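Engineer: The structure follows.
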Protein chains: 2
Amino acid sequence: MKQKKIEAILSTAQKMFGRYGLQKTNLEEVAHMARVAKATIYNYFENKNAIYKEVLKTEADALLNKISQSVSRELSPKDKLTSFIKAKFSHMKKSVNILKVIKMGRERALIEERMICEYLFEKEVNIIHSILYEGVEKGVFHINNTLLSSRAIGESLRGFELNLSVRDNSDNFKNSLNELTQIVCSGIMAEKARLKA
Amino acid sequence: MKQKKIEAILSTAQKMFGRYGLQKTNLEEVAHMARVAKATIYNYFENKNAIYKEVLKTEADALLNKISQSVSRELSPKDKLTSFIKAKFSHMKKSVNILKVIKMGRERALIEERMICEYLFEKEVNIIHSILYEGVEKGVFHINNTLLSSRAIGESLRGFELNLSVRDNSDNFKNSLNELTQIVCSGIMAEKARLKA
DNA sequence: ATTGTACTATAATACGATTTAAGTCTAAAA
DNA sequence: TTTTAGACTTAAATCGTATTATAGTACAAT
């Protein structure tokens with residue numbers, strides 16, 4: 001029962017925040033739509049910001065899960081990395097609140113928002129790192145400092161986030177992203193593995 | 001004489017816009033600081049936005065010039081590309097108004113601001129493209145679609161722009177950027193050239 | 001070509017009045 | 001025990017209006 005209520009609150013809050021943003025979202029309305037009393041909301045959450053933070057966190061974790069799943073379906077490290085990038089951007093569209101934060105720019109971002117972005121980034125880098133590490137172990141990747149490389153790749157993908165829901169031609173975006181994937185893969189693959197591909 | 005005045009106006013406007021932003025910058029004050037009558041400003045510029053646009057354009061062109069110069073000092077395509085990236089980020093710190101726009105996020109950016117960012121990006125991609133093309137011609141780069149690759153590299157660098165004046169450790173930034181440079185270079189270099197390096 | 005000044009009109013600001021909504025509390029219902 | 005409706009307090013958002021600042025113009029003088 002408890003859990004059901006909490007989920008109802010979070011999922012409607014997610015929609016409302018996504019549509020109207022943190023400020024313009026009315027908790028009274030959220031309560032009504034979630035078929036819950038306002039007091040119940042305050043029974044489970046400190047305040048509005050806490051709900052917002054939880055929504056962002058949930059979105060981030062959902063995204064990370066989707067990515068991890070996609071990655072784990074692949075066998076070769078190269079395919080894992082490719083799948084990471086594909087999954088990240090295809091599932092990111094659903095993370096409406098996170099997307100909003102990214103589009104807004106850090107300048108006026110709340111501490112909660114920045115923290116979640118940082119969290120998401122670090123986790124992504126972790127996943128990339130595990131892929132690179134495995135690649136090196138298997139001898140298909142040739143990388144001196146896997147930690148540094150994973151950060152670098154993570155950062156390079158940030159540029160593409162900005163163009164997610166903004167940009168001109170969607171094909172243009174996909175092509176650029178695929179091309180970068182190719183370049184990066186070639187860039188870190190060991191000679192022998194590279195010649196085979 | 002004419003040119004001197006225009007330059008005075010633009011350079012003080014650049015400082016003022018950089019400090020206070022478009023809105024909070026007072027043209028009367030700009031006129032005074034540039035030792036020019038307000039009427040003179042309106043003799044050379046349509047309106048405030050036009051000055052702002054010109055300031056942004058000037059910053060962009062200055063940056064592009066610096067980059068081009070740095071690139072042209074190098075001989076090998078690989079060094080040119082490396083130098084491009086280095087120059088872009090080291091000189092970008094001086095483009096205060098452009099940096100401001102980038103940090104703010106597109107959401108609330110004026111059309112003028114977006115256009116300049118687009119312009120800068122396209123020009124950068126052009127430079128990258130000429131480097132890649134030369135590299136392919138010389139046989140040191142192995143790239144199928146140089147145009148696509150240059151866009152991809154351009155986009156990947158965008159992620160780093162966000163961290164220019166924002167981020168934690170500056171060394172961290174430099175290291176990541178260097179690492180990406182390495183990866184990209186390896187990724188596009190032909191086998192023989194790669195083995196030599 | 002440039003300036004100073006005076007001018008207009010519009011946009012920014014300030015501020016008090018009003019409304020909205022966050023957050024609390026309680027007593028009753030489930 | 002958890003949940004609810006509703007009353008309540010208080011802080012913030014909104015609104016209307018008065019005020020000010022300043023973008024932009026016009027012009028006579030240099």
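We label chains A, B, ... in the order they appear in the structure tokens, count residues from 1 in each chain, and number ligands from 1 in the order shown.
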For chain A, work out the contacting residues on chain D at 9 Å, counting only C-alpha atoms (C1' of nucleotides), and write them as a list in words.

Structural biologist: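 Per the criterion, chain D yields DT2, DT3, DT4 and DA5 of chain D.
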
Engineer: Please report as JSON, numbers by chain which residues of chain A come no farther than 10 Å from chain B, using only C-alpha atoms.

Structural biologist: {"A": [100, 101, 102, 103, 104, 105, 106, 107, 108, 109, 143, 144, 145, 147, 148, 149, 150, 151, 152, 153, 154, 155, 156, 157, 158, 159, 160, 161, 162, 163, 166, 172, 173, 174, 175, 176, 177, 178, 179, 180, 181, 182, 183, 184, 185, 186, 187, 188, 189, 191, 194, 195]}

Engineer: I need the alpha helix (DSSP H) residues of stretch 16-172 of chain A per DSSP on the backbone, written as a PyMOL selection string.

Structural biologist: chain A and resi 16-24+27-33+38-44+48-72+77-92+96-104+111-137+146-161+170-172

Engineer: Residues of chain C no more than 12 Å from chain B, counting only C-alpha atoms (C1' of nucleotides): send them over as an NGL selection string.

Structural biologist: :C and (1-5 or 11-12)

Engineer: With all heavy atoms kept, could you save the residues just selected as a tab-separated table (two decimals), in the first residue's frame?

Structural biologist:
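Below is the file out-v2.tsv, written as the result:
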```tsv
chain	number	residue	atom	x	y	z
C	1	DA	P	30.23	61.82	-42.75
C	1	DA	OP1	29.88	62.50	-43.81
C	1	DA	OP2	28.99	61.22	-42.15
C	1	DA	O5'	31.27	61.28	-41.87
C	1	DA	C5'	32.50	61.86	-41.76
C	1	DA	C4'	32.73	62.25	-40.32
C	1	DA	O4'	32.22	63.59	-40.10
C	1	DA	C3'	32.04	61.35	-39.29
C	1	DA	O3'	32.95	61.11	-38.25
C	1	DA	C2'	30.85	62.19	-38.81
C	1	DA	C1'	31.35	63.59	-38.97
C	1	DA	N9	30.28	64.56	-39.29
C	1	DA	C8	29.32	64.45	-40.26
C	1	DA	N7	28.51	65.49	-40.31
C	1	DA	C5	28.97	66.33	-39.32
C	1	DA	C6	28.55	67.59	-38.87
C	1	DA	N6	27.52	68.25	-39.40
C	1	DA	N1	29.24	68.15	-37.86
C	1	DA	C2	30.26	67.49	-37.35
C	1	DA	N3	30.76	66.30	-37.68
C	1	DA	C4	30.06	65.77	-38.69
C	2	DT	P	32.57	60.30	-36.93
C	2	DT	OP1	33.81	59.79	-36.35
C	2	DT	OP2	31.42	59.42	-37.20
C	2	DT	O5'	32.08	61.48	-36.01
C	2	DT	C5'	33.03	62.51	-35.70
C	2	DT	C4'	32.48	63.38	-34.60
C	2	DT	O4'	31.49	64.28	-35.15
C	2	DT	C3'	31.80	62.63	-33.47
C	2	DT	O3'	32.46	62.95	-32.26
C	2	DT	C2'	30.34	63.10	-33.51
C	2	DT	C1'	30.44	64.44	-34.23
C	2	DT	N1	29.25	64.82	-35.02
C	2	DT	C2	28.67	66.05	-34.80
C	2	DT	O2	29.09	66.84	-33.97
C	2	DT	N3	27.58	66.33	-35.59
C	2	DT	C4	27.02	65.52	-36.56
C	2	DT	O4	26.05	65.88	-37.20
C	2	DT	C5	27.66	64.24	-36.74
C	2	DT	C7	27.13	63.28	-37.76
C	2	DT	C6	28.74	63.95	-35.97
C	3	DT	P	31.98	62.38	-30.88
C	3	DT	OP1	33.15	62.23	-29.99
C	3	DT	OP2	31.08	61.24	-31.11
C	3	DT	O5'	31.12	63.58	-30.32
C	3	DT	C5'	31.71	64.87	-30.25
C	3	DT	C4'	30.66	65.88	-29.87
C	3	DT	O4'	29.72	66.02	-30.97
C	3	DT	C3'	29.82	65.48	-28.67
C	3	DT	O3'	30.20	66.25	-27.55
C	3	DT	C2'	28.36	65.77	-29.08
C	3	DT	C1'	28.50	66.44	-30.43
C	3	DT	N1	27.44	66.06	-31.39
C	3	DT	C2	26.45	66.96	-31.69
C	3	DT	O2	26.38	68.06	-31.19
C	3	DT	N3	25.53	66.50	-32.61
C	3	DT	C4	25.51	65.27	-33.23
C	3	DT	O4	24.62	64.97	-34.03
C	3	DT	C5	26.56	64.37	-32.87
C	3	DT	C7	26.64	63.01	-33.48
C	3	DT	C6	27.48	64.80	-31.98
C	4	DG	P	29.80	65.77	-26.08
C	4	DG	OP1	30.88	66.08	-25.14
C	4	DG	OP2	29.29	64.39	-26.20
C	4	DG	O5'	28.56	66.71	-25.77
C	4	DG	C5'	28.66	68.10	-26.05
C	4	DG	C4'	27.30	68.74	-25.88
C	4	DG	O4'	26.48	68.47	-27.04
C	4	DG	C3'	26.52	68.25	-24.66
C	4	DG	O3'	26.04	69.37	-23.94
C	4	DG	C2'	25.40	67.39	-25.26
C	4	DG	C1'	25.22	67.95	-26.67
C	4	DG	N9	24.87	66.96	-27.68
C	4	DG	C8	25.44	65.71	-27.86
C	4	DG	N7	24.94	65.05	-28.87
C	4	DG	C5	23.98	65.89	-29.39
C	4	DG	C6	23.10	65.72	-30.50
C	4	DG	O6	23.02	64.74	-31.25
C	4	DG	N1	22.30	66.84	-30.70
C	4	DG	C2	22.32	67.97	-29.92
C	4	DG	N2	21.46	68.93	-30.26
C	4	DG	N3	23.12	68.15	-28.87
C	4	DG	C4	23.92	67.08	-28.67
C	5	DT	P	25.18	69.20	-22.67
C	5	DT	OP1	25.46	70.35	-21.77
C	5	DT	OP2	25.35	67.82	-22.17
C	5	DT	O5'	23.69	69.34	-23.23
C	5	DT	C5'	23.41	70.33	-24.22
C	5	DT	C4'	21.97	70.21	-24.62
C	5	DT	O4'	21.83	69.28	-25.73
C	5	DT	C3'	21.04	69.69	-23.52
C	5	DT	O3'	19.88	70.49	-23.47
C	5	DT	C2'	20.72	68.28	-23.96
C	5	DT	C1'	20.76	68.41	-25.47
C	5	DT	N1	20.98	67.15	-26.21
C	5	DT	C2	20.25	66.91	-27.35
C	5	DT	O2	19.41	67.68	-27.79
C	5	DT	N3	20.52	65.72	-27.97
C	5	DT	C4	21.44	64.75	-27.56
C	5	DT	O4	21.59	63.72	-28.21
C	5	DT	C5	22.18	65.07	-26.36
C	5	DT	C7	23.18	64.11	-25.83
C	5	DT	C6	21.91	66.25	-25.74
C	11	DA	P	8.32	47.77	-25.30
C	11	DA	OP1	8.40	46.99	-26.55
C	11	DA	OP2	7.05	47.85	-24.54
C	11	DA	O5'	9.46	47.25	-24.32
C	11	DA	C5'	10.79	47.75	-24.45
C	11	DA	C4'	11.42	47.92	-23.08
C	11	DA	O4'	10.92	49.13	-22.45
C	11	DA	C3'	11.12	46.78	-22.11
C	11	DA	O3'	12.33	46.41	-21.48
C	11	DA	C2'	10.14	47.40	-21.11
C	11	DA	C1'	10.60	48.85	-21.11
C	11	DA	N9	9.61	49.82	-20.66
C	11	DA	C8	8.34	49.97	-21.12
C	11	DA	N7	7.68	50.96	-20.53
C	11	DA	C5	8.58	51.46	-19.62
C	11	DA	C6	8.49	52.51	-18.68
C	11	DA	N6	7.40	53.26	-18.51
C	11	DA	N1	9.58	52.75	-17.92
C	11	DA	C2	10.67	52.00	-18.09
C	11	DA	N3	10.87	51.00	-18.94
C	11	DA	C4	9.78	50.77	-19.69
C	12	DA	P	12.41	45.07	-20.66
C	12	DA	OP1	13.49	44.27	-21.25
C	12	DA	OP2	11.05	44.52	-20.52
C	12	DA	O5'	12.90	45.57	-19.23
C	12	DA	C5'	14.09	46.36	-19.16
C	12	DA	C4'	14.12	47.09	-17.84
C	12	DA	O4'	13.02	48.02	-17.79
C	12	DA	C3'	13.96	46.19	-16.60
C	12	DA	O3'	15.05	46.44	-15.72
C	12	DA	C2'	12.60	46.57	-16.01
C	12	DA	C1'	12.45	48.01	-16.51
C	12	DA	N9	11.05	48.44	-16.65
C	12	DA	C8	10.11	47.93	-17.50
C	12	DA	N7	8.94	48.53	-17.41
C	12	DA	C5	9.14	49.49	-16.45
C	12	DA	C6	8.28	50.47	-15.89
C	12	DA	N6	6.99	50.62	-16.25
C	12	DA	N1	8.79	51.28	-14.93
C	12	DA	C2	10.07	51.13	-14.56
C	12	DA	N3	10.97	50.25	-15.01
C	12	DA	C4	10.43	49.46	-15.96
```

Engineer: Mind checking which residues fall within 10 Å of C:DC15, counting only C-alpha atoms (C1' of nucleotides), ignoring those fewer than 5 positions away in the same chain, and posting them as a PyMOL selection string?

Structural biologist: chain D and resi 17-19

Engineer: Given the selection you just returned, output its residues as a file containing N, CA and C atoms (P, O5', C5', C4', C3', O3' and C1' of nucleotides), formatted as a PDB file, in the first residue's frame.

Structural biologist:
```
ATOM      1  P    DT D  17      -4.712  49.101 -12.266  1.00  0.00           P
ATOM      2  O5'  DT D  17      -3.632  50.086 -11.649  1.00  0.00           O
ATOM      3  C5'  DT D  17      -3.432  50.108 -10.232  1.00  0.00           C
ATOM      4  C4'  DT D  17      -2.185  50.911  -9.916  1.00  0.00           C
ATOM      5  C3'  DT D  17      -1.921  52.083 -10.877  1.00  0.00           C
ATOM      6  O3'  DT D  17      -1.501  53.210 -10.129  1.00  0.00           O
ATOM      7  C1'  DT D  17      -0.026  50.748 -10.734  1.00  0.00           C
ATOM      8  P    DA D  18      -1.649  54.657 -10.742  1.00  0.00           P
ATOM      9  O5'  DA D  18      -0.450  55.388 -10.006  1.00  0.00           O
ATOM     10  C5'  DA D  18      -0.084  54.984  -8.679  1.00  0.00           C
ATOM     11  C4'  DA D  18       1.432  55.113  -8.529  1.00  0.00           C
ATOM     12  C3'  DA D  18       2.016  56.366  -9.190  1.00  0.00           C
ATOM     13  O3'  DA D  18       2.911  56.986  -8.277  1.00  0.00           O
ATOM     14  C1'  DA D  18       3.110  54.443 -10.017  1.00  0.00           C
ATOM     15  P    DT D  19       3.733  58.238  -8.740  1.00  0.00           P
ATOM     16  O5'  DT D  19       5.093  57.583  -9.198  1.00  0.00           O
ATOM     17  C5'  DT D  19       5.758  56.680  -8.296  1.00  0.00           C
ATOM     18  C4'  DT D  19       7.109  56.323  -8.880  1.00  0.00           C
ATOM     19  C3'  DT D  19       7.843  57.494  -9.541  1.00  0.00           C
ATOM     20  O3'  DT D  19       9.127  57.635  -8.936  1.00  0.00           O
ATOM     21  C1'  DT D  19       7.813  55.600 -10.977  1.00  0.00           C
TER      22       DT D  19
END
```
